[in-house]
>>> print(open('target-v1.pdb').read())   # PDB, C-alpha atoms
ATOM      1  CA  MET A 709      62.046  -9.820  22.336
ATOM      2  CA  SER A 710      64.057  -7.317  24.279
ATOM      3  CA  ALA A 711      65.094  -4.190  22.369
ATOM      4  CA  ARG A 712      68.514  -4.563  23.978
ATOM      5  CA  THR A 713      69.125  -7.915  22.291
ATOM      6  CA  THR A 714      71.939  -7.684  19.762
ATOM      7  CA  PRO A 715      71.152  -8.728  16.154
ATOM      8  CA  ARG A 716      73.243 -11.901  16.430
ATOM      9  CA  ARG A 717      71.749 -12.874  19.775
ATOM     10  CA  ARG A 718      68.258 -11.958  18.587
ATOM     11  CA  THR A 719      68.589 -14.339  15.640
ATOM     12  CA  ALA A 720      69.959 -17.101  17.840
ATOM     13  CA  VAL A 721      67.124 -16.776  20.348
ATOM     14  CA  PHE A 722      64.565 -16.552  17.568
ATOM     15  CA  ALA A 723      65.846 -19.641  15.799
ATOM     16  CA  THR A 724      66.331 -21.637  18.991
ATOM     17  CA  ALA A 725      63.094 -20.801  20.783
ATOM     18  CA  ALA A 726      60.927 -20.734  17.689
ATOM     19  CA  LEU A 727      62.269 -23.892  16.146
ATOM     20  CA  ALA A 728      61.807 -25.760  19.387
ATOM     21  CA  THR A 729      58.024 -25.456  19.010
ATOM     22  CA  VAL A 730      57.698 -23.781  15.661
ATOM     23  CA  VAL A 731      54.206 -24.742  14.553
ATOM     24  CA  THR A 732      52.750 -24.560  18.018
ATOM     25  CA  GLY A 733      52.906 -20.790  17.736
ATOM     26  CA  ALA A 734      56.378 -20.268  19.105
ATOM     27  CA  LEU A 735      56.977 -17.745  16.353
ATOM     28  CA  VAL A 736      54.530 -15.765  18.435
ATOM     29  CA  ALA A 737      55.726 -17.085  21.769
ATOM     30  CA  CYS A 738      59.261 -16.062  20.884
ATOM     31  CA  GLY A 739      58.165 -12.462  20.928
ATOM     32  CA  ASN A 740      57.051 -12.968  24.534
ATOM     33  CA  SER A 741      59.506 -15.723  25.361
ATOM     34  CA  THR A 742      60.417 -16.654  28.877
ATOM     35  CA  ALA A 743      63.954 -17.576  29.840
ATOM     36  CA  SER A 744      63.019 -21.238  29.981
ATOM     37  CA  ALA A 745      61.859 -21.219  26.363
ATOM     38  CA  ALA A 746      64.902 -19.390  25.050
ATOM     39  CA  ASP A 747      67.343 -21.436  27.078
ATOM     40  CA  ALA A 748      65.797 -24.841  26.410
ATOM     41  CA  PRO A 749      68.420 -27.238  25.021
ATOM     42  CA  THR A 750      67.456 -27.797  21.384
ATOM     43  CA  ALA A 751      69.215 -29.655  18.609
ATOM     44  CA  SER A 752      71.202 -26.524  17.807
ATOM     45  CA  SER A 753      72.535 -26.168  21.354
ATOM     46  CA  ARG A 754      73.129 -29.807  22.263
ATOM     47  CA  PRO A 755      76.233 -31.742  21.262
ATOM     48  CA  ALA A 756      75.928 -33.574  17.949
ATOM     49  CA  ALA A 757      73.616 -36.548  18.151
ATOM     50  CA  THR A 758      75.189 -39.844  19.044
ATOM     51  CA  ALA A 759      73.435 -43.071  18.147
ATOM     52  CA  ALA A 760      72.242 -45.216  21.020
ATOM     53  CA  ALA A 761      74.370 -48.242  21.792
ATOM     54  CA  GLY A 762      73.576 -50.997  19.343
ATOM     55  CA  SER A 763      71.656 -48.759  16.942
ATOM     56  CA  SER A 764      72.315 -48.540  13.221
ATOM     57  CA  LEU A 765      71.906 -45.674  10.765
ATOM     58  CA  HIS A 766      69.704 -46.162   7.719
ATOM     59  CA  MET A 767      69.603 -43.464   5.012
ATOM     60  CA  ILE A 768      66.224 -43.856   3.308
ATOM     61  CA  THR A 769      65.160 -42.021   0.152
ATOM     62  CA  ASN A 770      61.687 -40.582  -0.406
ATOM     63  CA  ASN A 771      60.754 -38.333  -3.330
ATOM     64  CA  GLY A 772      64.399 -37.703  -4.139
ATOM     65  CA  HIS A 773      65.676 -36.719  -0.685
ATOM     66  CA  LYS A 774      67.416 -38.792   1.963
ATOM     67  CA  LEU A 775      66.253 -39.211   5.546
ATOM     68  CA  ALA A 776      68.282 -40.463   8.502
ATOM     69  CA  PHE A 777      66.692 -43.219  10.593
ATOM     70  CA  HIS A 778      68.378 -44.745  13.653
ATOM     71  CA  VAL A 779      67.247 -48.243  14.654
ATOM     72  CA  THR A 780      67.902 -50.110  17.885
ATOM     73  CA  PRO A 781      66.899 -53.761  17.407
ATOM     74  CA  GLY A 782      64.178 -55.278  19.555
ATOM     75  CA  HIS A 783      60.785 -56.951  19.452
ATOM     76  CA  LEU A 784      57.370 -55.551  18.573
ATOM     77  CA  PRO A 785      55.751 -53.200  19.198
ATOM     78  CA  ALA A 786      58.273 -50.918  17.525
ATOM     79  CA  ILE A 787      58.508 -47.552  19.247
ATOM     80  CA  VAL A 788      58.974 -44.621  16.862
ATOM     81  CA  LEU A 789      60.123 -41.315  18.360
ATOM     82  CA  ASP A 790      59.407 -38.128  16.357
ATOM     83  CA  ALA A 791      60.995 -34.920  17.667
ATOM     84  CA  GLY A 792      59.524 -31.439  17.923
ATOM     85  CA  GLY A 793      59.972 -28.577  15.463
ATOM     86  CA  GLY A 794      63.616 -27.797  14.769
ATOM     87  CA  GLU A 795      64.729 -30.825  16.790
ATOM     88  CA  ASP A 796      66.624 -33.776  15.399
ATOM     89  CA  SER A 797      66.739 -37.316  16.746
ATOM     90  CA  SER A 798      69.123 -36.237  19.502
ATOM     91  CA  GLN A 799      66.086 -34.962  21.407
ATOM     92  CA  TRP A 800      65.539 -38.599  22.384
ATOM     93  CA  GLN A 801      69.152 -39.411  23.318
ATOM     94  CA  LYS A 802      68.242 -40.156  26.939
ATOM     95  CA  ILE A 803      64.766 -41.555  26.342
ATOM     96  CA  ALA A 804      65.553 -43.980  23.502
ATOM     97  CA  PRO A 805      68.083 -46.176  25.368
ATOM     98  CA  ALA A 806      65.916 -46.121  28.492
ATOM     99  CA  LEU A 807      62.917 -47.353  26.496
ATOM    100  CA  ALA A 808      65.004 -50.032  24.796
ATOM    101  CA  LYS A 809      66.123 -51.321  28.190
ATOM    102  CA  LYS A 810      62.713 -51.061  29.836
ATOM    103  CA  THR A 811      60.574 -52.522  27.042
ATOM    104  CA  GLY A 812      62.916 -54.585  24.853
ATOM    105  CA  SER A 813      61.132 -53.037  21.861
ATOM    106  CA  GLU A 814      62.695 -51.968  18.600
ATOM    107  CA  ILE A 815      63.372 -48.224  18.902
ATOM    108  CA  ILE A 816      63.331 -45.979  15.840
ATOM    109  CA  THR A 817      64.318 -42.324  15.833
ATOM    110  CA  TYR A 818      64.759 -40.145  12.761
ATOM    111  CA  ASP A 819      65.465 -36.657  11.470
ATOM    112  CA  ARG A 820      62.695 -35.008   9.472
ATOM    113  CA  ALA A 821      63.647 -33.358   6.177
ATOM    114  CA  GLY A 822      65.828 -30.294   6.695
ATOM    115  CA  ILE A 823      66.883 -31.388  10.184
ATOM    116  CA  GLY A 824      69.955 -33.243  11.459
ATOM    117  CA  LYS A 825      71.448 -35.670   8.951
ATOM    118  CA  SER A 826      68.437 -35.567   6.611
ATOM    119  CA  ASP A 827      68.411 -33.618   3.347
ATOM    120  CA  GLU A 828      66.782 -30.233   3.019
ATOM    121  CA  VAL A 829      63.751 -29.944   0.746
ATOM    122  CA  VAL A 830      63.030 -26.754  -1.181
ATOM    123  CA  GLY A 831      59.675 -25.111  -0.504
ATOM    124  CA  ALA A 832      57.197 -24.718   2.324
ATOM    125  CA  TRP A 833      57.137 -27.299   5.111
ATOM    126  CA  ASN A 834      54.058 -29.487   4.924
ATOM    127  CA  ALA A 835      52.888 -31.990   7.535
ATOM    128  CA  GLU A 836      51.462 -34.343   4.911
ATOM    129  CA  ASN A 837      54.822 -34.462   3.134
ATOM    130  CA  ALA A 838      56.499 -35.140   6.475
ATOM    131  CA  ALA A 839      54.030 -37.975   7.090
ATOM    132  CA  SER A 840      54.973 -39.377   3.661
ATOM    133  CA  ASP A 841      58.637 -39.336   4.725
ATOM    134  CA  LEU A 842      57.794 -41.230   7.902
ATOM    135  CA  GLU A 843      55.729 -43.724   5.908
ATOM    136  CA  ALA A 844      58.614 -44.325   3.501
ATOM    137  CA  GLY A 845      61.060 -44.889   6.340
ATOM    138  CA  LEU A 846      58.855 -47.294   8.269
ATOM    139  CA  THR A 847      57.996 -49.176   5.080
ATOM    140  CA  LYS A 848      61.669 -49.661   4.270
ATOM    141  CA  LEU A 849      62.382 -50.754   7.845
ATOM    142  CA  GLY A 850      59.444 -53.163   7.895
ATOM    143  CA  ALA A 851      57.700 -51.362  10.775
ATOM    144  CA  THR A 852      54.195 -51.345   9.321
ATOM    145  CA  HIS A 853      52.196 -52.834  12.199
ATOM    146  CA  ASP A 854      52.183 -52.752  16.002
ATOM    147  CA  VAL A 855      53.902 -49.347  16.042
ATOM    148  CA  VAL A 856      53.767 -47.035  19.066
ATOM    149  CA  LEU A 857      54.251 -43.526  17.707
ATOM    150  CA  VAL A 858      55.647 -40.918  20.117
ATOM    151  CA  SER A 859      55.334 -37.348  18.846
ATOM    152  CA  HIS A 860      56.435 -34.081  20.426
ATOM    153  CA  SER A 861      55.110 -30.639  19.491
ATOM    154  CA  GLN A 862      55.169 -30.123  15.697
ATOM    155  CA  ALA A 863      55.396 -33.881  15.234
ATOM    156  CA  GLY A 864      51.802 -34.065  16.454
ATOM    157  CA  GLU A 865      50.775 -32.755  13.054
ATOM    158  CA  VAL A 866      52.821 -35.429  11.312
ATOM    159  CA  ALA A 867      51.300 -38.054  13.601
ATOM    160  CA  THR A 868      47.746 -36.922  12.892
ATOM    161  CA  TYR A 869      48.138 -37.169   9.118
ATOM    162  CA  PHE A 870      50.027 -40.454   9.475
ATOM    163  CA  ALA A 871      47.407 -41.991  11.780
ATOM    164  CA  LYS A 872      44.592 -40.869   9.491
ATOM    165  CA  LYS A 873      46.215 -42.646   6.523
ATOM    166  CA  HIS A 874      47.572 -45.715   8.332
ATOM    167  CA  PRO A 875      45.507 -46.394  11.463
ATOM    168  CA  LYS A 876      46.150 -50.135  11.191
ATOM    169  CA  TRP A 877      49.902 -49.599  11.375
ATOM    170  CA  LEU A 878      49.592 -48.155  14.879
ATOM    171  CA  ALA A 879      49.186 -49.943  18.185
ATOM    172  CA  GLY A 880      48.856 -46.521  19.805
ATOM    173  CA  ALA A 881      50.402 -43.097  20.154
ATOM    174  CA  VAL A 882      51.847 -40.890  22.871
ATOM    175  CA  LEU A 883      51.373 -37.209  22.032
ATOM    176  CA  VAL A 884      53.838 -35.108  24.004
ATOM    177  CA  ASP A 885      52.493 -31.540  24.267
ATOM    178  CA  ALA A 886      51.612 -32.083  20.641
ATOM    179  CA  SER A 887      50.261 -29.616  18.108
ATOM    180  CA  LEU A 888      46.637 -30.781  17.690
ATOM    181  CA  PRO A 889      43.996 -29.734  15.124
ATOM    182  CA  ASP A 890      41.534 -28.222  17.579
ATOM    183  CA  PHE A 891      43.999 -25.478  18.531
ATOM    184  CA  TYR A 892      44.038 -23.909  15.068
ATOM    185  CA  THR A 893      40.805 -21.939  15.001
ATOM    186  CA  ASP A 894      40.499 -19.375  12.220
ATOM    187  CA  SER A 895      41.209 -16.519  14.606
ATOM    188  CA  GLU A 896      44.194 -18.188  16.274
ATOM    189  CA  THR A 897      45.741 -19.213  12.963
ATOM    190  CA  ALA A 898      45.333 -15.702  11.573
ATOM    191  CA  ARG A 899      46.908 -14.194  14.683
ATOM    192  CA  ILE A 900      49.882 -16.554  14.557
ATOM    193  CA  GLU A 901      50.325 -16.040  10.822
ATOM    194  CA  ALA A 902      50.440 -12.249  11.276
ATOM    195  CA  ALA A 903      52.965 -12.562  14.086
ATOM    196  CA  ASN A 904      55.011 -14.977  11.971
ATOM    197  CA  GLN A 905      55.384 -12.332   9.294
ATOM    198  CA  ALA A 906      56.681  -9.798  11.792
ATOM    199  CA  GLN A 907      59.115 -12.280  13.293
ATOM    200  CA  VAL A 908      60.357 -13.546   9.933
ATOM    201  CA  ALA A 909      61.058  -9.978   8.821
ATOM    202  CA  GLN A 910      63.652  -9.796  11.587
ATOM    203  CA  LEU A 911      65.715 -12.418   9.755
ATOM    204  CA  ASP A 912      66.244 -10.194   6.704
ATOM    205  CA  GLY A 913      69.940  -9.700   6.141
ATOM    206  CA  GLN A 914      70.951 -12.434   8.564
ATOM    207  CA  VAL A 915      73.187 -15.333   7.602
ATOM    208  CA  SER A 916      71.237 -18.188   6.012
ATOM    209  CA  THR A 917      71.726 -21.333   8.073
ATOM    210  CA  LYS A 918      70.014 -24.698   7.950
ATOM    211  CA  PRO A 919      67.910 -24.001  11.095
ATOM    212  CA  VAL A 920      66.868 -20.574   9.809
ATOM    213  CA  ARG A 921      65.930 -21.987   6.409
ATOM    214  CA  GLN A 922      63.835 -24.653   8.111
ATOM    215  CA  LEU A 923      62.129 -21.988  10.201
ATOM    216  CA  LEU A 924      61.295 -19.950   7.109
ATOM    217  CA  ALA A 925      60.014 -23.074   5.349
ATOM    218  CA  THR A 926      57.673 -23.708   8.264
ATOM    219  CA  ALA A 927      56.406 -20.135   8.316
ATOM    220  CA  ASP A 928      55.743 -20.243   4.562
ATOM    221  CA  ASN A 929      52.134 -21.235   3.775
ATOM    222  CA  TYR A 930      51.457 -21.468   7.512
ATOM    223  CA  GLY A 931      47.891 -20.163   7.336
ATOM    224  CA  PRO A 932      46.461 -22.380   4.571
ATOM    225  CA  MET A 933      48.206 -25.447   5.975
ATOM    226  CA  HIS A 934      46.758 -24.959   9.448
ATOM    227  CA  HIS A 935      43.281 -24.076   8.243
ATOM    228  CA  ALA A 936      43.328 -27.477   6.520
ATOM    229  CA  TYR A 937      44.827 -29.174   9.582
ATOM    230  CA  HIS A 938      42.041 -27.794  11.793
ATOM    231  CA  ARG A 939      39.515 -29.807   9.775
ATOM    232  CA  ILE A 940      41.034 -33.266  10.166
ATOM    233  CA  SER A 941      40.630 -35.642  13.078
ATOM    234  CA  TRP A 942      42.422 -38.480  14.817
ATOM    235  CA  PRO A 943      41.053 -41.968  14.003
ATOM    236  CA  GLU A 944      38.993 -43.296  16.888
ATOM    237  CA  SER A 945      40.492 -46.768  16.513
ATOM    238  CA  VAL A 946      44.001 -45.614  17.523
ATOM    239  CA  PRO A 947      44.582 -45.328  21.301
ATOM    240  CA  ALA A 948      46.397 -42.200  22.417
ATOM    241  CA  THR A 949      47.985 -40.814  25.557
ATOM    242  CA  VAL A 950      48.201 -37.036  25.806
ATOM    243  CA  ILE A 951      51.038 -35.628  27.922
ATOM    244  CA  ALA A 952      50.537 -31.907  28.495
ATOM    245  CA  SER A 953      53.162 -29.537  29.863
ATOM    246  CA  SER A 954      52.547 -27.380  32.906
ATOM    247  CA  LYS A 955      53.516 -24.162  31.124
ATOM    248  CA  THR A 956      52.444 -24.758  27.485
ATOM    249  CA  PRO A 957      54.521 -23.155  24.694
ATOM    250  CA  PHE A 958      52.933 -19.757  25.358
ATOM    251  CA  ASP A 959      53.438 -16.800  27.637
ATOM    252  CA  THR A 960      50.073 -15.198  26.879
ATOM    253  CA  PRO A 961      47.114 -16.503  28.942
ATOM    254  CA  GLU A 962      44.726 -16.621  25.981
ATOM    255  CA  ASP A 963      47.018 -18.754  23.835
ATOM    256  CA  ALA A 964      48.009 -20.972  26.751
ATOM    257  CA  GLN A 965      44.374 -21.674  27.624
ATOM    258  CA  LEU A 966      43.473 -22.426  24.014
ATOM    259  CA  TRP A 967      46.406 -24.840  23.903
ATOM    260  CA  ARG A 968      45.264 -26.578  27.125
ATOM    261  CA  ASN A 969      41.694 -26.777  25.842
ATOM    262  CA  ALA A 970      42.828 -28.457  22.637
ATOM    263  CA  GLN A 971      44.754 -31.057  24.638
ATOM    264  CA  THR A 972      41.910 -31.861  27.032
ATOM    265  CA  ARG A 973      39.196 -31.940  24.360
ATOM    266  CA  PHE A 974      41.268 -34.353  22.297
ATOM    267  CA  ALA A 975      41.764 -36.643  25.290
ATOM    268  CA  LYS A 976      38.043 -36.650  26.135
ATOM    269  CA  ALA A 977      36.906 -37.352  22.567
ATOM    270  CA  ALA A 978      37.308 -41.154  22.806
ATOM    271  CA  ALA A 979      37.335 -43.775  25.536
ATOM    272  CA  ASN A 980      40.737 -45.110  24.462
ATOM    273  CA  ARG A 981      42.540 -41.826  25.196
ATOM    274  CA  THR A 982      44.128 -40.672  28.439
ATOM    275  CA  TYR A 983      45.430 -37.327  29.661
ATOM    276  CA  THR A 984      48.239 -36.475  32.048
ATOM    277  CA  VAL A 985      50.210 -33.356  32.948
ATOM    278  CA  ALA A 986      53.994 -33.418  33.235
ATOM    279  CA  LYS A 987      54.180 -31.386  36.421
ATOM    280  CA  GLY A 988      56.835 -28.696  36.540
ATOM    281  CA  SER A 989      57.600 -29.041  32.839
ATOM    282  CA  SER A 990      58.003 -26.450  30.132
ATOM    283  CA  HIS A 991      56.943 -27.351  26.616
ATOM    284  CA  GLU A 992      60.233 -29.290  26.389
ATOM    285  CA  ILE A 993      58.861 -32.318  28.231
ATOM    286  CA  PRO A 994      61.400 -34.792  26.751
ATOM    287  CA  THR A 995      64.148 -32.719  28.387
ATOM    288  CA  ASP A 996      62.367 -31.633  31.564
ATOM    289  CA  ARG A 997      60.452 -34.828  32.414
ATOM    290  CA  PRO A 998      61.796 -37.785  30.426
ATOM    291  CA  ASP A 999      60.502 -40.046  33.201
ATOM    292  CA  VAL A1000      56.907 -39.120  32.344
ATOM    293  CA  VAL A1001      57.452 -39.900  28.670
ATOM    294  CA  ILE A1002      59.169 -43.220  29.385
ATOM    295  CA  LYS A1003      56.398 -44.324  31.748
ATOM    296  CA  ALA A1004      53.622 -43.423  29.302
ATOM    297  CA  VAL A1005      55.298 -45.060  26.311
ATOM    298  CA  ALA A1006      56.075 -48.252  28.220
ATOM    299  CA  ALA A1007      52.462 -48.437  29.408
ATOM    300  CA  MET A1008      51.142 -47.935  25.863
ATOM    301  CA  ALA A1009      53.474 -50.634  24.501
ATOM    302  CA  LYS A1010      52.421 -53.065  27.208
ATOM    303  CA  ALA A1011      48.694 -52.383  26.890
ATOM    304  CA  HIS A1012      48.321 -52.211  23.132
ATOM    305  CA  GLY A1013      51.421 -53.724  21.586
TER     306      GLY A1013
END
>>> encode(input="target-v1.pdb", output="structure tokens")
Amino acid sequence: MSARTTPRRRTAVFATAALATVVTGALVACGNSTASAADAPTASSRPAATAAAGSSLHMITNNGHKLAFHVTPGHLPAIVLDAGGGEDSSQWQKIAPALAKKTGSEIITYDRAGIGKSDEVVGAWNAENAASDLEAGLTKLGATHDVVLVSHSQAGEVATYFAKKHPKWLAGAVLVDASLPDFYTDSETARIEAANQAQVAQLDGQVSTKPVRQLLATADNYGPMHHAYHRISWPESVPATVIASSKTPFDTPEDAQLWRNAQTRFAKAAANRTYTVAKGSSHEIPTDRPDVVIKAVAAMAKAHG
């Protein structure tokens, strides 16, 4: 970050850029952030989320905390949209109604714990716990089969744990520049963890806000969580479409290439996976190229729903 950045602005950029892609290494990328990363419209900079026409809010409890799920009625396959790190369900405010109109499917968006209308949870963020929250919500809503799961960035980790536990619930998945296990080699995880510590130290003395607390929760236990994540794999029975961004979340060539390699290796690992690049897009594909997401999700719903 620029030495000329004021403390207030530095915190705002840190929280906004890092939370947009937090577990993809944006705590590192923030230190080398481009204007597009810092200026990307995240949940903190967009107007408050408004439910899609015809949708209803369901507050669902799991392990003592409440989670906000928005449901637009429709037929199966249900399409579940899971936003990136630091993003609430408003990330899908243009995509959700377009998918409802195009596919006629039930559309479900939600806020992960600590984000949007959902309760905060004390302690380190954990992808398995987040997958448990998603499981509880879909169980309550009756969406336990023929689900198309659409996951951006950090939500790729949630999707991987969810798919591993409930492969039969899923008709398929669309992974939007998602955080995938192959990326988190020992050396890359250690490098990100070290950079996290330096970045987090910059928040000392700053006002504690919900986004900042969520960022700190994600940074906590980052290394052990991602060493474990590196060892799990996506079930071969679940079809997946990988949508990669043109720019990746990183400014550094080494990190960007490792990110691209993880995406392409995942896509080539099974015959029921496809790979496409959202041309001209930053990591914020849902904002930059919603058309690519809508096309891929509609195709997955038609082919596998």
>>> resolve_selection(input="target-v1.pdb", expression="the PyMOL selection byres ((chain A and resi 856) around 8)", output="ChimeraX atom specification")
/A:785-788,854-855,857-858,878-882,1005,1008-1009,1013
>>> closest_atom_pairs(input="target-v1.pdb", of="segment 839-949 of chain A", to="segment 975-985 of chain A", cutoff="10 Å", atoms="only C-alpha atoms", output="JSON lines")
{"residue": "A:Gly880", "atom": "CA", "partner": "A:Asn980", "partner_atom": "CA", "distance": 9.5}
{"residue": "A:Ala881", "atom": "CA", "partner": "A:Arg981", "partner_atom": "CA", "distance": 9.4}
{"residue": "A:Val882", "atom": "CA", "partner": "A:Thr982", "partner_atom": "CA", "distance": 9.5}
{"residue": "A:Leu883", "atom": "CA", "partner": "A:Tyr983", "partner_atom": "CA", "distance": 9.7}
{"residue": "A:Val884", "atom": "CA", "partner": "A:Val985", "partner_atom": "CA", "distance": 9.8}
{"residue": "A:Asp885", "atom": "CA", "partner": "A:Val985", "partner_atom": "CA", "distance": 9.2}
{"residue": "A:Trp942", "atom": "CA", "partner": "A:Ala977", "partner_atom": "CA", "distance": 9.6}
{"residue": "A:Pro943", "atom": "CA", "partner": "A:Ala978", "partner_atom": "CA", "distance": 9.6}
{"residue": "A:Glu944", "atom": "CA", "partner": "A:Ala978", "partner_atom": "CA", "distance": 6.5}
{"residue": "A:Ser945", "atom": "CA", "partner": "A:Asn980", "partner_atom": "CA", "distance": 8.1}
{"residue": "A:Val946", "atom": "CA", "partner": "A:Asn980", "partner_atom": "CA", "distance": 7.7}
{"residue": "A:Pro947", "atom": "CA", "partner": "A:Asn980", "partner_atom": "CA", "distance": 5.0}
{"residue": "A:Ala948", "atom": "CA", "partner": "A:Arg981", "partner_atom": "CA", "distance": 4.8}
{"residue": "A:Thr949", "atom": "CA", "partner": "A:Thr982", "partner_atom": "CA", "distance": 4.8}
>>> residues_around(input="target-v1.pdb", residues="His773 of chain A", least_positions_apart="5", cutoff="10 Å", atoms="only C-alpha atoms", output="PyMOL selection string")
chain A and resi 767-768+821-822+826-829+841
>>> resolve_selection(input="target-v1.pdb", expression="the PyMOL selection byres ((chain A and resi 905) around 12)", output="ChimeraX atom specification")
/A:735-736,739,898-904,906-912,923-924,926-931
>>> closest_residue(input="target-v1.pdb", among="A:Ser941, A:Asn837, A:Ser813, A:Ser887", to="Lys872 of chain A", atoms="all atoms listed in the file")
A:Ser941
>>> closest_residue(input="target-v1.pdb", among="A:Asn771, A:Thr852, A:Thr897, A:Ser953", to="Ser990 of chain A", atoms="all atoms listed in the file")
A:Ser953
>>> atom_distance(input="target-v1.pdb", atom1="atom CA of Val1000 of chain A", atom2="atom CA of Leu765 of chain A")
27.1 Å
>>> atom_distance(input="target-v1.pdb", atom1="atom CA of Thr893 of chain A", atom2="atom CA of Phe958 of chain A")
16.1 Å
>>> closest_residue(input="target-v1.pdb", among="A:Ser797, A:Pro932, A:Leu888, A:His853", to="Lys876 of chain A", atoms="all atoms listed in the file")
A:His853
>>> atom_distance(input="target-v1.pdb", atom1="atom CA of Tyr869 of chain A", atom2="atom CA of Thr769 of chain A")
19.8 Å
>>> closest_residue(input="target-v1.pdb", among="A:Leu842, A:Ile951, A:Leu807, A:Ala1007", to="Ala886 of chain A", atoms="only C-alpha atoms")
A:Ile951
>>> resolve_selection(input="target-v1.pdb", expression="the PyMOL selection byres ((chain A and resi 891) around 10)", output="PyMOL selection string")
chain A and resi 732+887-890+892-894+896-897+934+937-938+963+965-971+973
>>> axis_aligned_box(input="target-v1.pdb", around="segment 802-820 of chain A", padding_each_side="3 Å", output="JSON")
{"center_x": 64.4, "center_y": -44.8, "center_z": 19.7, "size_x": 13.7, "size_y": 25.6, "size_z": 26.4}
>>> closest_residue(input="target-v1.pdb", among="A:Thr817, A:Gln922, A:Ser861, A:Gln914", to="Ile803 of chain A", atoms="only C-alpha atoms")
A:Thr817
